[in-house]
Structure formats: structure tokens, C-alpha cells
>>> print(open('input_5.cif').read())   # mmCIF, C-alpha atoms and all ligand atoms
data_start
loop_
_atom_site.label_atom_id
_atom_site.label_comp_id
_atom_site.auth_asym_id
_atom_site.auth_seq_id
_atom_site.Cartn_x
_atom_site.Cartn_y
_atom_site.Cartn_z
CA MET A 163 273.01 119.57 93.62
CA ALA A 164 275.77 121.68 95.20
CA ARG A 165 274.84 123.15 98.56
CA ILE A 166 277.31 126.03 98.59
CA ALA A 167 278.11 128.89 96.23
CA VAL A 168 280.44 131.89 96.18
CA ILE A 169 279.05 135.16 94.85
CA GLY A 170 281.70 137.48 93.38
CA ALA A 171 284.58 136.15 91.31
CA GLY A 172 287.27 138.70 92.13
CA LYS A 173 290.52 137.67 93.81
CA TRP A 174 288.94 136.73 97.13
CA GLY A 175 285.86 135.09 95.67
CA GLN A 176 288.04 132.88 93.46
CA ALA A 177 290.35 131.96 96.33
CA LEU A 178 287.40 131.04 98.56
CA HIS A 179 285.88 129.06 95.72
CA TYR A 180 289.15 127.12 95.36
CA ALA A 181 289.24 126.45 99.12
CA LEU A 182 285.58 125.47 99.37
CA SER A 183 285.87 123.14 96.36
CA GLN A 184 288.37 120.87 98.15
CA LYS A 185 285.82 118.84 100.11
CA GLN A 186 282.62 119.31 98.09
CA GLU A 187 281.31 120.81 94.90
CA CYS A 188 281.15 124.61 95.20
CA LEU A 189 279.49 126.91 92.64
CA ILE A 190 280.66 130.42 91.77
CA THR A 191 278.99 133.35 90.05
CA SER A 192 279.73 136.99 89.22
CA ARG A 193 278.42 139.88 87.12
CA THR A 194 280.55 138.90 84.15
CA LYS A 195 280.87 135.32 82.99
CA ARG A 196 284.22 133.77 83.84
CA ASP A 197 285.99 130.67 82.66
CA ILE A 198 286.04 128.95 86.07
CA LYS A 199 284.93 125.38 86.87
CA ASN A 200 281.37 125.30 88.27
CA PHE A 201 280.66 128.88 87.17
CA VAL A 202 276.86 129.34 87.13
CA ASN A 203 274.37 132.14 86.72
CA LEU A 204 273.26 134.11 89.75
CA GLN A 205 269.88 132.44 89.98
CA THR A 206 271.42 128.96 90.20
CA ALA A 207 273.92 130.11 92.83
CA MET A 208 271.17 131.73 94.87
CA GLU A 209 269.35 128.39 95.12
CA CYS A 210 272.15 127.00 97.30
CA GLU A 211 271.51 126.71 100.99
CA TYR A 212 274.91 128.23 101.85
CA LEU A 213 276.29 131.38 100.23
CA VAL A 214 279.62 133.17 100.59
CA ILE A 215 279.42 136.76 99.33
CA ALA A 216 282.70 138.41 98.23
CA ILE A 217 281.80 141.71 96.58
CA PRO A 218 283.31 145.11 97.45
CA ALA A 219 281.83 146.76 100.55
CA GLN A 220 280.63 149.90 98.73
CA GLN A 221 278.59 147.76 96.31
CA VAL A 222 276.90 145.57 98.90
CA ARG A 223 273.73 147.58 99.54
CA GLN A 224 272.91 148.07 95.86
CA TRP A 225 273.73 144.46 95.09
CA LEU A 226 271.40 143.22 97.82
CA LYS A 227 268.63 145.57 96.65
CA ASP A 228 268.94 144.53 93.02
CA ASN A 229 269.66 140.82 93.32
CA PHE A 230 269.03 139.22 96.62
CA LYS A 231 265.99 137.07 97.36
CA PHE A 232 265.93 135.67 100.87
CA ASN A 233 265.07 132.01 100.92
CA ASN A 234 266.47 131.11 104.35
CA GLN A 235 270.02 130.80 102.97
CA LYS A 236 272.90 130.84 105.48
CA ILE A 237 275.35 133.52 104.48
CA LEU A 238 279.04 134.21 105.09
CA VAL A 239 280.15 137.73 104.24
CA ALA A 240 283.73 137.89 102.99
CA SER A 241 284.09 141.66 102.36
CA LYS A 242 286.00 144.07 104.59
CA GLY A 243 284.92 147.70 104.69
CA ILE A 244 282.50 150.36 105.95
CA GLU A 245 279.91 151.99 103.68
CA ALA A 246 281.24 155.50 102.99
CA SER A 247 277.89 157.06 102.09
CA SER A 248 276.28 156.14 105.44
CA GLY A 249 279.06 155.10 107.84
CA LYS A 250 277.24 151.78 108.26
CA PHE A 251 279.09 148.57 109.06
CA LEU A 252 278.44 145.65 106.72
CA ASN A 253 276.56 143.66 109.35
CA GLU A 254 274.12 146.58 109.71
CA ILE A 255 273.54 146.66 105.95
CA TYR A 256 273.10 142.89 105.64
CA GLU A 257 270.69 142.88 108.58
CA GLU A 258 268.41 145.23 106.61
CA PHE A 259 267.89 142.35 104.17
CA ILE A 260 268.63 139.10 106.04
CA PRO A 261 267.90 137.93 109.63
CA ARG A 262 271.04 138.19 111.77
CA ASP A 263 270.77 134.54 112.80
CA ASN A 264 271.48 133.58 109.16
CA LEU A 265 274.60 135.75 108.90
CA GLY A 266 278.29 135.19 109.51
CA PHE A 267 281.37 137.31 108.73
CA ILE A 268 284.87 136.11 107.78
CA ALA A 269 287.88 137.79 109.38
CA GLY A 270 291.57 137.11 109.81
CA PRO A 271 294.85 137.30 107.86
CA SER A 272 294.18 135.84 104.43
CA PHE A 273 295.74 137.07 101.22
CA ALA A 274 293.76 135.54 98.36
CA ALA A 275 297.01 134.95 96.45
CA GLU A 276 298.16 132.52 99.16
CA VAL A 277 294.81 130.84 99.84
CA ILE A 278 294.48 129.99 96.14
CA GLN A 279 297.81 128.14 96.37
CA GLY A 280 296.50 126.05 99.28
CA LEU A 281 298.95 127.58 101.76
CA PRO A 282 297.97 127.24 105.44
CA CYS A 283 295.89 129.94 107.00
CA ALA A 284 293.59 130.59 109.97
CA LEU A 285 290.26 132.42 109.77
CA VAL A 286 287.64 133.55 112.23
CA LEU A 287 283.99 132.95 111.34
CA ASN A 288 281.99 135.51 113.31
CA SER A 289 278.28 135.23 113.96
CA LEU A 290 275.79 135.97 116.71
CA ASN A 291 274.47 132.48 115.98
CA GLU A 292 277.06 129.74 116.62
CA GLU A 293 275.06 127.40 114.36
CA ILE A 294 276.33 129.44 111.39
CA PHE A 295 279.91 128.65 112.38
CA ILE A 296 279.05 124.98 112.89
CA SER A 297 277.35 124.83 109.47
CA PHE A 298 280.18 126.49 107.55
CA GLU A 299 283.30 125.14 109.29
CA LYS A 300 282.83 121.69 107.76
CA PHE A 301 283.06 123.16 104.25
CA PHE A 302 286.57 124.54 104.80
CA PRO A 303 289.59 122.52 103.62
CA ASP A 304 292.27 121.05 105.89
CA PHE A 305 294.70 123.87 105.07
CA ILE A 306 292.38 126.45 106.65
CA LYS A 307 291.85 126.39 110.40
CA THR A 308 288.61 128.08 111.45
CA TYR A 309 287.80 129.66 114.79
CA TYR A 310 284.46 130.89 116.10
CA SER A 311 283.72 134.29 117.58
CA CYS A 312 280.44 136.01 118.39
CA ASP A 313 282.08 139.46 118.22
CA VAL A 314 280.63 140.46 114.86
CA ILE A 315 281.16 144.20 115.31
CA GLY A 316 284.74 143.67 116.53
CA ALA A 317 285.58 141.57 113.48
CA GLU A 318 283.94 144.08 111.16
CA ILE A 319 285.92 146.97 112.60
CA CYS A 320 289.22 145.07 112.55
CA GLY A 321 288.77 144.02 108.91
CA ALA A 322 287.82 147.51 107.79
CA TYR A 323 290.19 149.59 109.92
CA LYS A 324 293.31 147.57 109.17
CA ASN A 325 292.93 148.49 105.49
CA VAL A 326 293.25 152.18 106.37
CA LEU A 327 296.27 151.44 108.56
CA ALA A 328 297.78 149.42 105.69
CA ILE A 329 297.57 152.55 103.52
CA ALA A 330 299.38 154.47 106.30
CA SER A 331 302.03 151.75 106.50
CA GLY A 332 302.52 151.80 102.72
CA ILE A 333 303.06 155.56 102.94
CA CYS A 334 305.59 155.01 105.72
CA GLU A 335 307.43 152.48 103.55
CA GLY A 336 307.24 154.71 100.46
CA LEU A 337 308.72 157.62 102.38
CA LYS A 338 311.55 155.28 103.54
CA LEU A 339 310.97 156.15 107.19
CA GLY A 340 312.52 152.89 108.41
CA ASN A 341 311.54 149.83 110.41
CA ASN A 342 311.27 151.66 113.74
CA ALA A 343 308.71 154.05 112.30
CA ARG A 344 306.68 151.24 110.75
CA ALA A 345 306.58 149.21 113.97
CA SER A 346 305.49 152.31 115.87
CA LEU A 347 302.81 153.08 113.31
CA ILE A 348 301.41 149.54 113.35
CA SER A 349 301.34 149.26 117.13
CA ARG A 350 299.81 152.72 117.60
CA GLY A 351 297.38 151.79 114.84
CA LEU A 352 296.33 148.71 116.76
CA VAL A 353 295.64 150.84 119.85
CA GLU A 354 293.72 153.31 117.66
CA MET A 355 291.48 150.72 116.05
CA GLN A 356 290.85 149.15 119.46
CA ARG A 357 289.77 152.56 120.81
CA PHE A 358 287.47 153.02 117.80
CA GLY A 359 286.05 149.51 118.28
CA GLU A 360 285.46 149.98 122.00
CA HIS A 361 283.20 152.90 121.16
CA PHE A 362 280.97 150.60 119.10
CA GLY A 363 280.88 147.77 121.64
CA ALA A 364 283.60 145.50 120.20
CA LYS A 365 285.37 143.06 122.53
CA MET A 366 288.93 144.09 123.32
CA GLU A 367 290.35 140.57 122.92
CA THR A 368 289.26 140.55 119.26
CA PHE A 369 291.89 143.19 118.52
CA LEU A 370 294.71 141.00 119.86
CA GLY A 371 293.67 137.92 117.88
CA LEU A 372 293.62 136.86 114.24
CA SER A 373 290.98 139.38 113.17
CA GLY A 374 292.83 142.35 114.68
CA ALA A 375 296.58 142.08 115.20
CA GLY A 376 296.76 139.10 112.82
CA ASP A 377 295.20 140.84 109.83
CA LEU A 378 296.79 144.20 110.64
CA PHE A 379 300.33 142.78 110.85
CA LEU A 380 299.78 140.94 107.57
CA THR A 381 298.28 143.77 105.56
CA ALA A 382 300.42 146.57 106.95
CA SER A 383 303.71 144.83 106.22
CA SER A 384 303.42 143.35 102.74
CA GLU A 385 303.29 144.54 99.18
CA LEU A 386 300.80 141.73 98.53
CA SER A 387 298.27 144.08 100.14
CA ARG A 388 296.44 146.35 97.69
CA ASN A 389 295.92 148.92 100.45
CA PHE A 390 299.63 148.92 101.30
CA ARG A 391 300.37 149.50 97.61
CA VAL A 392 297.96 152.47 97.57
CA GLY A 393 300.08 153.94 100.37
CA LEU A 394 303.29 153.35 98.41
CA GLY A 395 301.78 155.22 95.47
CA LEU A 396 300.63 158.14 97.63
CA ALA A 397 304.13 158.48 99.08
CA LYS A 398 305.43 158.83 95.52
CA ASN A 399 302.94 161.67 94.94
CA LYS A 400 300.96 159.67 92.37
CA THR A 401 297.35 160.74 92.05
CA LEU A 402 294.76 158.49 93.65
CA ASP A 403 293.08 157.97 90.28
CA ASP A 404 296.33 156.75 88.73
CA ILE A 405 297.05 154.49 91.69
CA LEU A 406 293.61 152.86 91.51
CA ILE A 407 293.78 152.39 87.73
CA GLU A 408 297.21 150.78 88.06
CA LEU A 409 295.91 148.55 90.88
CA GLY A 410 292.90 147.33 88.88
CA GLU A 411 291.41 145.73 92.01
CA VAL A 412 289.50 147.03 94.99
CA ALA A 413 291.41 148.78 97.83
CA GLU A 414 288.73 149.04 100.48
CA GLY A 415 290.82 151.28 102.75
CA VAL A 416 290.25 154.27 100.45
CA LYS A 417 286.47 154.56 100.89
CA THR A 418 286.66 153.21 104.43
CA SER A 419 288.95 156.16 105.32
CA TYR A 420 286.08 158.47 104.43
CA ALA A 421 283.64 156.40 106.51
CA ILE A 422 285.96 156.38 109.54
CA ASN A 423 286.54 160.10 109.19
CA SER A 424 282.79 160.79 109.34
CA LEU A 425 282.30 158.38 112.26
CA ARG A 426 285.22 159.82 114.27
CA ILE A 427 283.77 163.32 113.91
CA GLU A 428 280.21 162.23 114.68
CA HIS A 429 281.25 160.19 117.74
CA ASN A 430 284.22 162.30 118.81
CA ILE A 431 286.77 159.45 118.74
CA TYR A 432 290.52 160.12 118.72
CA THR A 433 291.89 158.42 115.58
CA PRO A 434 295.04 160.36 114.57
CA ILE A 435 296.40 157.90 111.98
CA ALA A 436 293.11 157.32 110.16
CA ALA A 437 292.51 161.09 110.20
CA GLU A 438 295.85 161.72 108.46
CA VAL A 439 295.18 158.99 105.87
CA TYR A 440 291.90 160.70 105.06
CA LEU A 441 293.66 164.08 104.72
CA ILE A 442 296.37 162.60 102.47
CA LEU A 443 293.66 161.09 100.24
CA GLU A 444 292.21 164.60 100.12
CA GLY A 445 295.55 166.01 98.95
CA LYS A 446 297.64 166.72 102.07
CA ASN A 447 301.37 166.20 101.63
CA PRO A 448 302.39 162.93 103.40
CA GLN A 449 305.51 164.65 104.86
CA ASP A 450 303.27 167.23 106.54
CA SER A 451 301.12 164.39 107.91
CA LEU A 452 304.22 162.78 109.36
CA LYS A 453 305.21 166.01 111.13
CA ASP A 454 301.69 166.36 112.52
CA LEU A 455 301.60 162.76 113.72
CA LEU A 456 304.94 163.18 115.52
CA ARG A 457 303.65 166.35 117.21
CA THR A 458 300.23 165.10 118.41
N1 LIG B 1 291.89 139.78 97.98
C1 LIG B 1 292.09 139.44 99.25
O1 LIG B 1 293.18 138.98 99.62
C2 LIG B 1 290.99 139.61 100.26
C3 LIG B 1 289.89 140.40 100.01
N2 LIG B 1 288.92 140.57 100.95
C4 LIG B 1 287.78 141.43 100.71
O2 LIG B 1 286.93 140.83 99.74
C5 LIG B 1 286.23 141.85 99.01
C6 LIG B 1 286.41 141.61 97.52
O3 LIG B 1 287.80 141.73 97.28
P1 LIG B 1 288.52 141.07 96.01
O4 LIG B 1 287.76 139.89 95.52
O5 LIG B 1 289.91 140.86 96.39
O6 LIG B 1 288.41 142.29 94.98
P2 LIG B 1 288.59 142.28 93.38
O7 LIG B 1 288.83 143.69 93.01
O8 LIG B 1 289.57 141.24 92.99
O9 LIG B 1 287.16 141.79 92.86
C7 LIG B 1 285.97 142.42 93.19
C8 LIG B 1 284.83 141.61 92.60
O10 LIG B 1 283.58 142.25 92.90
C9 LIG B 1 282.80 142.32 91.71
N3 LIG B 1 281.96 143.51 91.76
C10 LIG B 1 282.36 144.79 91.66
N4 LIG B 1 281.30 145.60 91.69
C11 LIG B 1 280.19 144.80 91.80
C12 LIG B 1 278.81 145.04 91.83
N5 LIG B 1 278.31 146.28 91.77
N6 LIG B 1 277.99 143.98 91.93
C13 LIG B 1 278.47 142.73 91.97
N7 LIG B 1 279.78 142.44 91.93
C14 LIG B 1 280.63 143.46 91.83
C15 LIG B 1 283.82 142.42 90.58
O11 LIG B 1 283.24 141.97 89.38
C16 LIG B 1 284.89 141.48 91.08
O12 LIG B 1 284.56 140.17 90.71
C17 LIG B 1 286.78 143.18 99.51
O13 LIG B 1 285.92 143.70 100.49
C18 LIG B 1 288.11 142.80 100.15
O14 LIG B 1 288.51 143.68 101.18
C19 LIG B 1 289.01 139.95 102.16
C20 LIG B 1 290.06 139.13 102.46
C21 LIG B 1 291.13 138.88 101.53
O1 LIG B 2 292.27 141.57 103.71
C1 LIG B 2 293.26 141.14 103.17
C2 LIG B 2 294.11 140.11 103.77
O2 LIG B 2 293.58 139.61 104.96
C3 LIG B 2 293.66 141.66 101.82
O3 LIG B 2 294.17 142.94 101.95
P1 LIG B 2 294.22 143.93 100.69
O4 LIG B 2 292.80 144.17 100.28
O5 LIG B 2 294.92 145.16 101.20
O6 LIG B 2 295.01 143.24 99.62
#
>>> encode(input="input_5.cif", output="C-alpha cells")
Amino acid sequence: MARIAVIGAGKWGQALHYALSQKQECLITSRTKRDIKNFVNLQTAMECEYLVIAIPAQQVRQWLKDNFKFNNQKILVASKGIEASSGKFLNEIYEEFIPRDNLGFIAGPSFAAEVIQGLPCALVLNSLNEEIFISFEKFFPDFIKTYYSCDVIGAEICGAYKNVLAIASGICEGLKLGNNARASLISRGLVEMQRFGEHFGAKMETFLGLSGAGDLFLTASSELSRNFRVGLGLAKNKTLDDILIELGEVAEGVKTSYAINSLRIEHNIYTPIAAEVYLILEGKNPQDSLKDLLRT
């Protein structure tokens, strides 16, 4: 009987399933049946001792309410985002259903498209309980190097915030503002997400490591990123609806922009880039955002 299963068979779930199948049998399940080796129904997957959950952040609460039965499973959360309706971080939502000692969170630069080809990558497994890291690290294949961190909130904020900054970077690219502008945007973005994280108790070093700078540099500089491509579309004045239909996959930065906008107002945090991304999603002209960013 397999001990580990991936829940969610989107791009990231499938890539993690490929990686976790290298050393042992790994099951996978999703809402719709897929033609993937070791695809099982949800009930069978849920019987595994170790679960990796890769469903979009905005669906997590409802999915847990409707489907999850806690049976002392150890869980790695693979999603990156903040719940827009409540401004809650994913660890807060999961902890409403599962004891925190059973939870871990994946962070770090990791395009699914490269992981599924077995290309080398480094990930951080974050948990308040180091035993979760010790349990899961042995499942990962040789082409993935895993690191441990106990900074769950820092990892959560890095993974969510960098998606919003990737939208900003895609806009910058789409407007053909040049390499200088993009480097400035990314480095100011890193300072901004660090400031946001500090407010919520994140460790500053997390922002300079794989989870922060690593994932931000990756996502904010490549068309492989869905969030970056949303930015490219916005710069071309496409409607958000058209961009998301064309994308056909989740771009977490969109809803997370709304969550960050509510949190920055509620907690009075200075987040100029995320604020402009939110306004552009609400219809502001990107050129006007640029002028405002250069002025403030
Ligand atoms: N694709 C990537 O390179 C990476 C993605 N992630 C994160 O992983 C999460 C999932 O992303 P992808 O798999 O790439 O997205 P995707 O758009 O490829 O797939 C999303 C999956 O979630 C499932 N899903 C949607 N609504 C659901 C619901 N209500 N209940 C259950 N399942 C539902 C879909 O059926 C689909 O299988 C996101 O939070 C993303 O930020 C993290 C690291 C890398
Ligand atoms: O999180 C990711 C890589 O680490 C994937 O980013 P996108 O969701 O923007 O494609």
C-alpha cells in the first residue's frame, strides 16, 4: 500500500506526483478522473499517511470543509496564495482543520514544467514541527534538494506575494520599459514583501533565500510564469477575463492582490507595487500606475 498521495492533478500536482514517484509508489487524485499512472479516487488517497495538497488557494477552505477527514495524516501544502474573502494565510486556514504539528508548506523556485522534466531544483519544506520535514524529505528524488525552515508565515508570504510582483513585472515587460526598470521593480518588490512579512512576524532571512528572492527572481523574470503572463496581457490592455480564459490555469496573484490590498489597508502597511497591481486589475491604466510609482 502506497504511503503517499498527491491531491490535485493540475500542473503542480502532476509535477510533484512525478517527482515523488521516483523513489516510491505515489498515488494521485483530483476532482476529475485523469489518465495518470496510480490515479485513485479521493477516499483511497486520503487513506495514505502522507498527503501533498496542490489545489488553488481560493478553493482550499471549501475543499477542506467538503472532503477532508483528519486521520492523523502528515500534510504538505503546495499552494501559494492568500484567501481573498478573508485575508487569511493558508496556514491559518489549514490549522482550522488540522493540528499545526501535522502541517508543512512547500516554498521555493519551482516551475512545474521543469520539475516534471526532472530538472534540478531546490525547495524549502516549512513547518513548525521539524519531524514533518524529516518525514517528507526522504520521499523527494535526487534531483530536488530540500531545505528545512520553521518560518511558516515567512514562506507563506513569500510564495503569495511574489505572484503579485510577477504580475507587476509582466506589466513592466509588456510596456517595454527595459531591463533597468524590471531590475528596479523586482528589487523594490523584494523590499516591499519583506516589509509586509515583517508586520506578520516573518523572519527577514527568509526573504533573501529560496522562498523569497529565489522564487521572486524566477517568477518575475520568465514567461513560464502564469502570473507574469497575466501582467503581459494587462499591459496590452486585454481584459482580465480574456487573459484568464486564454491562460486556462490558475494565476494566484490575481486574487492574492485583492487579499494584500485589504491587509495593507487594515494594517496600514506601505506596499506601493502591490497597491498599483490591485488598481490595474480594477481598471487603472498601467501607464498611469507607472507615473504614480515613479512619483511616490
Ligand atoms: N504550476 C507551478 O509551477 C506551481 C504552482 N504552485 C501552486 O500550486 C497551486 C496549484 O497550481 P497548479 O497545479 O499549477 O494549477 P492548475 O491550474 O494547473 O491546476 C489546478 C488544479 O486544482 C484543481 N481544482 C480547482 N478547483 C478545485 C476545487 N474546488 N477542488 C478541488 N480541486 C480543484 C483543478 O482541477 C486542477 O487540477 C497554486 O496555488 C499554485 O500557485 C506552486 C509552485 C509551482
Ligand atoms: O510558483 C511558481 C514557481 O515557483 C509558479 O508560478 P506561476 O503560478 O506564476 O506560474
>>> closest_atom_pairs(input="input_5.cif", of="chain A", to="ligand LIG 2 (chain B)", cutoff="9 Å", atoms="all atoms listed in the file", output="CSV")
residue,atom,partner,partner_atom,distance
A:Trp174,CA,B:LIG2,C3,8.3
A:Ser241,CA,B:LIG2,O1,8.3
A:Lys242,CA,B:LIG2,O1,6.8
A:Ala269,CA,B:LIG2,O2,7.4
A:Gly270,CA,B:LIG2,O2,5.8
A:Pro271,CA,B:LIG2,O2,3.9
A:Ser272,CA,B:LIG2,O2,3.9
A:Phe273,CA,B:LIG2,C2,4.3
A:Ala274,CA,B:LIG2,C3,7.0
A:Gly321,CA,B:LIG2,O1,6.7
A:Ala322,CA,B:LIG2,O1,8.5
A:Lys324,CA,B:LIG2,O1,8.2
A:Asn325,CA,B:LIG2,O5,5.8
A:Val326,CA,B:LIG2,O5,8.9
A:Ala328,CA,B:LIG2,O5,6.8
A:Ile329,CA,B:LIG2,O5,8.2
A:Ser373,CA,B:LIG2,O2,8.6
A:Gly376,CA,B:LIG2,O2,8.5
A:Asp377,CA,B:LIG2,O2,5.3
A:Leu378,CA,B:LIG2,O2,8.0
A:Leu380,CA,B:LIG2,O2,6.9
A:Thr381,CA,B:LIG2,O3,5.5
A:Ala382,CA,B:LIG2,O5,8.1
A:Ser384,CA,B:LIG2,O5,8.8
A:Glu385,CA,B:LIG2,O6,8.4
A:Leu386,CA,B:LIG2,O6,6.1
A:Ser387,CA,B:LIG2,O6,3.4
A:Arg388,CA,B:LIG2,O6,3.9
A:Asn389,CA,B:LIG2,O5,4.0
A:Phe390,CA,B:LIG2,O5,6.0
A:Arg391,CA,B:LIG2,O5,7.8
A:Val392,CA,B:LIG2,O5,8.7
A:Glu411,CA,B:LIG2,O4,8.5
A:Val412,CA,B:LIG2,O4,6.9
A:Ala413,CA,B:LIG2,O4,5.4
A:Glu414,CA,B:LIG2,O4,6.3
A:Gly415,CA,B:LIG2,O5,7.5
>>> residues_near_point(input="input_5.cif", point="(273.6, 136.3, 110.5)", cutoff="9 Å", atoms="all atoms listed in the file", output="list in words")
Lys236, Ile237, Leu238, Asn253, Tyr256, Glu257, Ile260, Pro261, Arg262, Asp263, Asn264, Leu265, Gly266, Phe267, Asn288, Ser289, Leu290, Asn291 and Ile294 of chain A
>>> closest_residue(input="input_5.cif", among="A:Thr308, A:Gln205, A:Gln221, A:Ser383", to="ligand LIG 1 (chain B)", atoms="all atoms listed in the file")
A:Gln221
>>> atom_distance(input="input_5.cif", atom1="atom C3 of ligand LIG 1 (chain B)", atom2="atom CA of Tyr432 of chain A")
27.2 Å
>>> closest_residue(input="input_5.cif", among="A:Glu299, A:Glu360, A:Asp450, A:Glu276", to="ligand LIG 1 (chain B)", atoms="only C-alpha atoms and all ligand atoms")
A:Glu276
>>> closest_residue(input="input_5.cif", among="A:Asn399, A:Gln186, A:Asn342, A:Thr418", to="ligand LIG 1 (chain B)", atoms="all atoms listed in the file")
A:Thr418
>>> closest_atom_pairs(input="input_5.cif", of="segment 263-328 of chain A", to="segment 345-358 of chain A", cutoff="8 Å", atoms="only C-alpha atoms", output="CSV")
residue,atom,partner,partner_atom,distance
A:Ile319,CA,A:Met355,CA,7.5
A:Cys320,CA,A:Met355,CA,7.0
A:Tyr323,CA,A:Met355,CA,6.4
A:Lys324,CA,A:Met355,CA,7.8
A:Leu327,CA,A:Gly351,CA,6.4
>>> residues_around(input="input_5.cif", residues="Gly175 of chain A", least_positions_apart="2", cutoff="9 Å", atoms="all atoms listed in the file", output="list of chain:residue names")
A:Val168, A:Ile169, A:Gly170, A:Ala171, A:Gly172, A:Lys173, A:Ala177, A:Leu178, A:His179, A:Tyr180, A:Ile190, A:Val214, A:Ile215, A:Ala216, A:Ile217, A:Ala240, A:Ala274
>>> closest_residue(input="input_5.cif", among="A:Lys417, A:His429, A:Lys400, A:Lys300", to="ligand LIG 1 (chain B)", atoms="only C-alpha atoms and all ligand atoms")
A:Lys417
>>> atom_distance(input="input_5.cif", atom1="atom CA of Ala219 of chain A", atom2="atom CA of Ile315 of chain A")
15.0 Å
>>> atom_distance(input="input_5.cif", atom1="atom CA of Cys188 of chain A", atom2="atom CA of Leu213 of chain A")
9.7 Å
>>> closest_residue(input="input_5.cif", among="A:Lys185, A:Arg457, A:Arg165, A:Arg193", to="ligand LIG 1 (chain B)", atoms="all atoms listed in the file")
A:Arg193
>>> build_atoms(input="input_5.cif", residues="segment 167-190 of chain A", atoms="N, CA and C atoms", output="PDB file, keeping the file's coordinate frame")
ATOM      1  N   ALA A 167     277.676 128.082  97.370  1.00  0.00           N
ATOM      2  CA  ALA A 167     278.110 128.890  96.230  1.00  0.00           C
ATOM      3  C   ALA A 167     278.800 130.160  96.718  1.00  0.00           C
ATOM      4  N   VAL A 168     279.763 130.617  95.926  1.00  0.00           N
ATOM      5  CA  VAL A 168     280.440 131.890  96.180  1.00  0.00           C
ATOM      6  C   VAL A 168     279.880 132.916  95.205  1.00  0.00           C
ATOM      7  N   ILE A 169     279.538 134.081  95.715  1.00  0.00           N
ATOM      8  CA  ILE A 169     279.050 135.160  94.850  1.00  0.00           C
ATOM      9  C   ILE A 169     280.121 136.245  94.790  1.00  0.00           C
ATOM     10  N   GLY A 170     280.582 136.552  93.564  1.00  0.00           N
ATOM     11  CA  GLY A 170     281.700 137.480  93.380  1.00  0.00           C
ATOM     12  C   GLY A 170     282.920 136.673  92.990  1.00  0.00           C
ATOM     13  N   ALA A 171     283.433 136.933  91.787  1.00  0.00           N
ATOM     14  CA  ALA A 171     284.580 136.150  91.310  1.00  0.00           C
ATOM     15  C   ALA A 171     285.809 137.033  91.131  1.00  0.00           C
ATOM     16  N   GLY A 172     286.005 137.950  92.085  1.00  0.00           N
ATOM     17  CA  GLY A 172     287.270 138.700  92.130  1.00  0.00           C
ATOM     18  C   GLY A 172     288.318 137.809  92.781  1.00  0.00           C
ATOM     19  N   LYS A 173     289.411 138.437  93.238  1.00  0.00           N
ATOM     20  CA  LYS A 173     290.520 137.670  93.810  1.00  0.00           C
ATOM     21  C   LYS A 173     290.073 136.832  95.016  1.00  0.00           C
ATOM     22  N   TRP A 174     289.319 137.436  95.903  1.00  0.00           N
ATOM     23  CA  TRP A 174     288.940 136.730  97.130  1.00  0.00           C
ATOM     24  C   TRP A 174     287.854 135.693  96.855  1.00  0.00           C
ATOM     25  N   GLY A 175     286.896 136.051  96.016  1.00  0.00           N
ATOM     26  CA  GLY A 175     285.860 135.090  95.670  1.00  0.00           C
ATOM     27  C   GLY A 175     286.464 133.842  95.026  1.00  0.00           C
ATOM     28  N   GLN A 176     287.412 134.041  94.129  1.00  0.00           N
ATOM     29  CA  GLN A 176     288.040 132.880  93.460  1.00  0.00           C
ATOM     30  C   GLN A 176     288.858 132.034  94.432  1.00  0.00           C
ATOM     31  N   ALA A 177     289.544 132.714  95.358  1.00  0.00           N
ATOM     32  CA  ALA A 177     290.350 131.960  96.330  1.00  0.00           C
ATOM     33  C   ALA A 177     289.432 131.159  97.257  1.00  0.00           C
ATOM     34  N   LEU A 178     288.336 131.774  97.689  1.00  0.00           N
ATOM     35  CA  LEU A 178     287.400 131.040  98.560  1.00  0.00           C
ATOM     36  C   LEU A 178     286.746 129.891  97.806  1.00  0.00           C
ATOM     37  N   HIS A 179     286.459 130.119  96.538  1.00  0.00           N
ATOM     38  CA  HIS A 179     285.880 129.060  95.720  1.00  0.00           C
ATOM     39  C   HIS A 179     286.850 127.878  95.624  1.00  0.00           C
ATOM     40  N   TYR A 180     288.135 128.188  95.406  1.00  0.00           N
ATOM     41  CA  TYR A 180     289.150 127.120  95.360  1.00  0.00           C
ATOM     42  C   TYR A 180     289.153 126.349  96.685  1.00  0.00           C
ATOM     43  N   ALA A 181     289.172 127.100  97.802  1.00  0.00           N
ATOM     44  CA  ALA A 181     289.240 126.450  99.120  1.00  0.00           C
ATOM     45  C   ALA A 181     287.984 125.611  99.380  1.00  0.00           C
ATOM     46  N   LEU A 182     286.833 126.167  99.050  1.00  0.00           N
ATOM     47  CA  LEU A 182     285.580 125.470  99.370  1.00  0.00           C
ATOM     48  C   LEU A 182     285.258 124.353  98.373  1.00  0.00           C
ATOM     49  N   SER A 183     286.063 124.240  97.319  1.00  0.00           N
ATOM     50  CA  SER A 183     285.870 123.140  96.360  1.00  0.00           C
ATOM     51  C   SER A 183     286.684 121.911  96.746  1.00  0.00           C
ATOM     52  N   GLN A 184     287.488 121.996  97.798  1.00  0.00           N
ATOM     53  CA  GLN A 184     288.370 120.870  98.150  1.00  0.00           C
ATOM     54  C   GLN A 184     287.590 119.675  98.699  1.00  0.00           C
ATOM     55  N   LYS A 185     286.540 119.943  99.456  1.00  0.00           N
ATOM     56  CA  LYS A 185     285.820 118.840 100.110  1.00  0.00           C
ATOM     57  C   LYS A 185     284.469 118.549  99.483  1.00  0.00           C
ATOM     58  N   GLN A 186     283.938 119.487  98.694  1.00  0.00           N
ATOM     59  CA  GLN A 186     282.620 119.310  98.090  1.00  0.00           C
ATOM     60  C   GLN A 186     282.554 120.171  96.819  1.00  0.00           C
ATOM     61  N   GLU A 187     281.501 119.959  96.075  1.00  0.00           N
ATOM     62  CA  GLU A 187     281.310 120.810  94.900  1.00  0.00           C
ATOM     63  C   GLU A 187     280.889 122.201  95.399  1.00  0.00           C
ATOM     64  N   CYS A 188     281.498 123.239  94.806  1.00  0.00           N
ATOM     65  CA  CYS A 188     281.150 124.610  95.200  1.00  0.00           C
ATOM     66  C   CYS A 188     280.918 125.406  93.912  1.00  0.00           C
ATOM     67  N   LEU A 189     279.793 126.101  93.828  1.00  0.00           N
ATOM     68  CA  LEU A 189     279.490 126.910  92.640  1.00  0.00           C
ATOM     69  C   LEU A 189     280.082 128.309  92.813  1.00  0.00           C
ATOM     70  N   ILE A 190     280.213 129.020  91.698  1.00  0.00           N
ATOM     71  CA  ILE A 190     280.660 130.420  91.770  1.00  0.00           C
ATOM     72  C   ILE A 190     279.935 131.221  90.706  1.00  0.00           C
TER      73      ILE A 190
END
